[in-house]
Amino acid sequence: MKARWIVSAAILAAMLIYSVGLDGPYLFDDTFNLMPVRLWAAGRLDWSEVMFGNVSGILGRPVSMASFMLSAAIGGATPLDYKVGNLAIHLVCSVVIFRLLQRLMAANHRSPDTVTVSAGLLTALWLLHPLHVSTVLYAVQRMAQLSTLFVLLALLAYLKGRSALTSSQPLKARIWLFAAFPALWLLGLLSKENAAVASALCLVLELAYFRRDEASTRILAWFYTTTLILPVLLAGLVAVIRPSILLGGYRILEFDMPQRLLSQARALFSYLGMLVFPRGENMSVFNDDFAISTGLLSPPSTLAALLALVAISVAVIALRRRSPHLFAGWFFFLVAHGVESTILPLELYFEHRNYLPSVGLLLMIAGLISLLPDKLRNDSRLRYGALTAFALCAAALALITWQQTNIWRNKEAIVDQAVRNHPRSLRAVQAKMIEAINRKRYEQAFALISPMANSNNPRTRLLAHLDMTSIRCLSGNPPDPAWLDQAIRDARDRLTLAEIQTVGLLMQVSRDNRCGKQSEQRIAATIAAIAGKAIGQADDVGPKWQLHYAAAIIYGRIDHWSEALTELRHAWQPGVPSEVGALLVQALAHNGLRDEAARLLWRLNQETAVKDKAGQAALEPARKMISAHP
């Protein structure tokens with residue numbers, strides 16, 4: 001009963017705290033992922049296109065998209081509706097975590113009352129932890145929440161099946177292991193692909209808490225063969241045969257796989273530090289200032305982190321019999337990071353990746369307490385002291401979470417916090433710069449971005465000089481021509497999404513000779529040169545063909561069709577939008593290649609669907625040009 005009151009009080013506190021930030025804004029990829037839901041709610045898109053048309057993950061995440069449609073149907077397609085749903089999932093996850101901790105802690109504890117109270121206290125810490133604010137109040141991170149929820153339920157199903165095996169109930173065990181677990185696991189995978197770790201987490205719990213006899217070993221061998229070994233072999237086969245499916249994203253990142261793996265050792269300890277000693281001022285969704293580990297000693301903390309990972313792992317293995325919770329918690333944390341913190345081409349650091357792994361920390365706390373001598377653990381005074389410490393920790397976490405939810409009420413506060421505490425984050429500075437531009441505070445915008453031009457990172461200098469040029473064009477003051485020259489010198493052999501966003505702003509502001517002597521021709525030549533220096537990428541890589549296309553648009557705008565044609569021949573790649581082909585038709589025609597233009601137009605007419613309004617609109621100028629000059 002005490003445990004239920006503890007969890008209930010924590011749930012009520014979480015509801016009150018998070019309610020402060022539920023009306024906060026969309027962020028980053030929220031708009032992209034949720035726009036189809038808005039179109040569906042407005043009757044402009046079929047439900048199947050929304051549910052099965054998401055491209056943010058390999059499996060399309062239809063369960064998550066269905067949940068977003070449910071939120072829109074119940075309330076509306078607004079940030080508030082989605083974030084209310086996220087909070088509800090957060091509360092449900094806490095209840096499942098409580099049940100999971102109860103089962104695991106009962107495995108080696110004598111007092112059921114102590115188990116339930118301990119599980120309740122640990123659940124309260126998880127529920128109120130401020131590191132989860134960037135998951136709950138970031139609308140699209142419902143994908144991570146649902147994935148976590150189904151993984152937790154799958155783990156409960158495994159424990160049910162495992163208990164049935166221990167009780168010599170093989171039929172019941174098979175139902176839980178080979179029916180319930182796979183169904184929940186599949187729902188998790190269709191929410192977000194990081195649910196792939198579920199069966200590996202089961203193995204962690206198996207090694208920590210269970211003994212095996214001959215009968216259970218046979219059934220478990222089938223279970224792990226079908227849910228762990230075969231999927232790992234299949235993923236390895238895909239990586240060998242079609243590496244672009246799993247690893248193609250490295251083509252647009254400024255680090256490679258070995259550098260990412262080295263960096264993740266440091267990231268894991270940073271996550272642990274934020275879980276154990278959360279500091280609200282350091283929390284942010286702008287994490288591009290996290291340093292890349294380019295070697296074991298660059299930075300030196302890389303080697304220290306790797307050695308610490310090995311040392312802790314060896315220590316908890318040695319203590320597995322004495323403290324199964326410590327073993328389970330440490331490896332739960334590591335394995336739960338197995339998808340997003342290993343080889344996949346993802347950004348180096350995001351707080352929301354700890355939503356599931358943080359459950360491991362709860363088990364580690366229980367494990368450390370279990371190592372105390374029985375005399376200390378049974379001392380009533382120390383027990384009350386421990387309860388007081390837990391209460392103070394929960395209160396401190398709740399206070400930091402409340403501060404964070406207040407910040408998450410508006411994007412400006414989120415950006416301000418990031419700029420203040422992550423001054424080397426170019427994304428944060430650019431976000432603040434865009435705010436200033438939107439308010440026509442051009443001097444403020446320039447003052448924000450110009451220090452980045454002195455960065456040690458060439459890519460940061462490149463982007464800063466382009467942004468400085470854009471701001472000067474907007475303010476009506478002539479930019480320094482040397483800025484574009486420096487941008488070309490700093491151009492890298494691989495382009496990223498950052499170049500696309502910065503060049504997009506430059507394209508917008510350079511219209512109508514707004515850059516004065518800094519002509520559109522000069523800007524187009526700069527963009528083309530930056531794309532041309534990306535010799536480490538093929539022309540079909542997204543940022544590269546998009547920069548060639550951007551240069552071609554500007555060249556076409558000023559009737560330099562010869563240069564536009566050169567850029568468009570680089571940009572026209574398999575799979576690119578029909579808009580690129582449509583401009584290529586015009587460039588071919590302007591350069592006297594009308595037969596080639598007509599053939600390309602015919603092909604585009606065949607390939608562009610009638611319902612593709614954007615594609616059809618882009619083709620219209622090309623059609624008029626070809627029909628006017630047959």
# chains A, B, ... in the order shown; residues from 1 in each chain; ligands from 1
call {"tool": "select_by_dssp", "arguments": {"residues": "region 324-552 of chain A", "states": "alpha helix (DSSP H)", "output": "MDAnalysis selection string"}}
result
chainID A and resid 324:336 358:370 374:378 380:407 411:421 426:438 442:449 458:475 481:490 497:509 520:532 542:552
call {"tool": "residues_around", "arguments": {"residues": "region 601-612 of chain A", "least_positions_apart": "5", "cutoff": "10 Å", "atoms": "only C-alpha atoms", "output": "PyMOL selection string"}}
result
chain A and resi 577-579+581-582+584-586+595-596+617+619+622-623+626
call {"tool": "residues_around", "arguments": {"residues": "Ala305 (chain A)", "least_positions_apart": "3", "cutoff": "8 Å", "atoms": "only C-alpha atoms", "output": "ChimeraX atom specification"}}
result
/A:265-266,269,301-302,308-309
call {"tool": "residues_around", "arguments": {"residues": "Tyr555 (chain A)", "least_positions_apart": "6", "cutoff": "7 Å", "atoms": "only C-alpha atoms", "output": "PyMOL selection string"}}
result
chain A and resi 521+524+561+563-564
call {"tool": "residues_around", "arguments": {"residues": "region 123-136 of chain A", "least_positions_apart": "5", "cutoff": "7 Å", "atoms": "only C-alpha atoms", "output": "PyMOL selection string"}}
result
chain A and resi 7+10+14+83+86-87+90+94+97-98+141+275+351-352+355+394+397-398+400-401+404-405
call {"tool": "write_last_selection", "arguments": {"atoms": "C-alpha atoms", "output": "short mmCIF file (atom, residue, chain, number, x, y, z; two decimals), in the first residue's frame"}}
result
data_model
loop_
_atom_site.label_atom_id
_atom_site.label_comp_id
_atom_site.auth_asym_id
_atom_site.auth_seq_id
_atom_site.Cartn_x
_atom_site.Cartn_y
_atom_site.Cartn_z
CA VAL A 7 3.99 6.00 -7.09
CA ALA A 10 4.96 10.85 -7.98
CA ALA A 14 4.70 14.70 -12.63
CA LYS A 83 2.36 16.52 -25.67
CA ASN A 86 3.33 12.03 -24.47
CA LEU A 87 2.72 12.78 -20.80
CA HIS A 90 5.26 8.73 -19.60
CA SER A 94 6.32 4.57 -14.87
CA ILE A 97 8.70 0.20 -14.59
CA PHE A 98 7.29 -0.17 -11.07
CA GLN A 141 9.90 11.78 -29.33
CA LEU A 275 21.48 10.95 -14.68
CA GLU A 351 19.41 13.28 -24.07
CA HIS A 352 16.26 11.44 -25.15
CA TYR A 355 14.62 7.18 -21.75
CA ALA A 394 12.96 13.22 -5.52
CA LEU A 397 14.69 16.20 -9.28
CA ALA A 398 11.15 17.57 -9.28
CA ILE A 400 14.93 20.82 -11.72
CA THR A 401 12.24 19.22 -13.88
CA GLN A 404 13.09 22.72 -17.34
CA THR A 405 9.39 22.51 -18.17
#
call {"tool": "residues_around", "arguments": {"residues": "region 447-456 of chain A", "least_positions_apart": "2", "cutoff": "7 Å", "atoms": "only C-alpha atoms", "output": "list in words"}}
result
Val429, Gln430, Met433, Glu443, Gln444, Ala445, Pro458, Thr460, Arg461, Ala464, His465 and Met468 of chain A
call {"tool": "closest_residue", "arguments": {"among": "A:Leu190, A:Ile292, A:Ala179, A:Leu91", "to": "Phe223 (chain A)", "atoms": "only C-alpha atoms"}}
result
A:Ala179
call {"tool": "closest_atom_pairs", "arguments": {"of": "region 83-164 of chain A", "to": "region 194-197 of chain A", "cutoff": "10 Å", "atoms": "only C-alpha atoms", "output": "tab-separated table"}}
result
residue	atom	partner	partner_atom	distance
A:Met143	CA	A:Asn194	CA	9.8
A:Ala144	CA	A:Asn194	CA	7.9
A:Leu146	CA	A:Ala195	CA	9.2
A:Ser147	CA	A:Ala195	CA	5.5
A:Thr148	CA	A:Ala195	CA	6.9
A:Leu149	CA	A:Ala195	CA	9.4
A:Phe150	CA	A:Ala195	CA	7.8
A:Val151	CA	A:Ala195	CA	6.0
A:Leu152	CA	A:Ala195	CA	9.6
A:Ala154	CA	A:Ala195	CA	9.8
call {"tool": "residues_around", "arguments": {"residues": "region 356-359 of chain A", "least_positions_apart": "5", "cutoff": "7 Å", "atoms": "only C-alpha atoms", "output": "VMD selection string"}}
result
chain A and resid 148 332 to 333 336 to 337
call {"tool": "write_last_selection", "arguments": {"atoms": "C-alpha atoms", "output": "PDB file, in the first residue's frame"}}
result
ATOM      1  CA  THR A 148      10.367   2.079 -24.506  1.00  0.00           C
ATOM      2  CA  PHE A 332      20.863  -2.891 -18.997  1.00  0.00           C
ATOM      3  CA  PHE A 333      22.181   0.662 -19.413  1.00  0.00           C
ATOM      4  CA  ALA A 336      19.692  -0.332 -24.056  1.00  0.00           C
ATOM      5  CA  HIS A 337      22.072   2.087 -25.782  1.00  0.00           C
TER       6      HIS A 337
END
call {"tool": "decode", "arguments": {"residues": "region 491-507 of chain A", "atoms": "N, CA and C atoms", "output": "PDB file, in the first residue's frame"}}
result
ATOM      1  N   ALA A 491      35.857  25.045 -47.301  1.00  0.00           N
ATOM      2  CA  ALA A 491      34.951  23.984 -47.758  1.00  0.00           C
ATOM      3  C   ALA A 491      35.584  22.617 -47.524  1.00  0.00           C
ATOM      4  N   ARG A 492      34.770  21.677 -47.099  1.00  0.00           N
ATOM      5  CA  ARG A 492      35.243  20.337 -46.738  1.00  0.00           C
ATOM      6  C   ARG A 492      35.036  19.355 -47.883  1.00  0.00           C
ATOM      7  N   ASP A 493      35.628  18.182 -47.740  1.00  0.00           N
ATOM      8  CA  ASP A 493      35.484  17.167 -48.792  1.00  0.00           C
ATOM      9  C   ASP A 493      34.192  16.378 -48.657  1.00  0.00           C
ATOM     10  N   ARG A 494      33.427  16.668 -47.563  1.00  0.00           N
ATOM     11  CA  ARG A 494      32.089  16.085 -47.408  1.00  0.00           C
ATOM     12  C   ARG A 494      31.138  17.165 -46.925  1.00  0.00           C
ATOM     13  N   LEU A 495      29.957  17.189 -47.515  1.00  0.00           N
ATOM     14  CA  LEU A 495      28.938  18.167 -47.143  1.00  0.00           C
ATOM     15  C   LEU A 495      27.948  17.528 -46.177  1.00  0.00           C
ATOM     16  N   THR A 496      27.344  18.344 -45.323  1.00  0.00           N
ATOM     17  CA  THR A 496      26.356  17.874 -44.352  1.00  0.00           C
ATOM     18  C   THR A 496      25.061  18.659 -44.529  1.00  0.00           C
ATOM     19  N   LEU A 497      24.068  18.308 -43.725  1.00  0.00           N
ATOM     20  CA  LEU A 497      22.802  19.035 -43.779  1.00  0.00           C
ATOM     21  C   LEU A 497      22.975  20.498 -43.381  1.00  0.00           C
ATOM     22  N   ALA A 498      24.007  20.803 -42.600  1.00  0.00           N
ATOM     23  CA  ALA A 498      24.214  22.185 -42.158  1.00  0.00           C
ATOM     24  C   ALA A 498      24.457  23.116 -43.340  1.00  0.00           C
ATOM     25  N   GLU A 499      25.195  22.651 -44.346  1.00  0.00           N
ATOM     26  CA  GLU A 499      25.445  23.486 -45.519  1.00  0.00           C
ATOM     27  C   GLU A 499      24.161  23.787 -46.275  1.00  0.00           C
ATOM     28  N   ILE A 500      23.274  22.808 -46.348  1.00  0.00           N
ATOM     29  CA  ILE A 500      22.008  23.019 -47.058  1.00  0.00           C
ATOM     30  C   ILE A 500      21.210  24.137 -46.399  1.00  0.00           C
ATOM     31  N   GLN A 501      21.100  24.092 -45.082  1.00  0.00           N
ATOM     32  CA  GLN A 501      20.296  25.092 -44.368  1.00  0.00           C
ATOM     33  C   GLN A 501      20.899  26.486 -44.507  1.00  0.00           C
ATOM     34  N   THR A 502      22.206  26.587 -44.393  1.00  0.00           N
ATOM     35  CA  THR A 502      22.854  27.891 -44.479  1.00  0.00           C
ATOM     36  C   THR A 502      22.789  28.447 -45.896  1.00  0.00           C
ATOM     37  N   VAL A 503      23.017  27.606 -46.891  1.00  0.00           N
ATOM     38  CA  VAL A 503      22.922  28.041 -48.292  1.00  0.00           C
ATOM     39  C   VAL A 503      21.481  28.417 -48.624  1.00  0.00           C
ATOM     40  N   GLY A 504      20.523  27.732 -48.043  1.00  0.00           N
ATOM     41  CA  GLY A 504      19.120  28.080 -48.284  1.00  0.00           C
ATOM     42  C   GLY A 504      18.806  29.500 -47.870  1.00  0.00           C
ATOM     43  N   LEU A 505      19.331  29.918 -46.709  1.00  0.00           N
ATOM     44  CA  LEU A 505      19.132  31.303 -46.266  1.00  0.00           C
ATOM     45  C   LEU A 505      19.813  32.272 -47.223  1.00  0.00           C
ATOM     46  N   LEU A 506      21.028  31.951 -47.654  1.00  0.00           N
ATOM     47  CA  LEU A 506      21.757  32.830 -48.569  1.00  0.00           C
ATOM     48  C   LEU A 506      21.029  32.985 -49.894  1.00  0.00           C
ATOM     49  N   MET A 507      20.430  31.897 -50.379  1.00  0.00           N
ATOM     50  CA  MET A 507      19.656  31.972 -51.627  1.00  0.00           C
ATOM     51  C   MET A 507      18.466  32.926 -51.487  1.00  0.00           C
TER      52      MET A 507
END
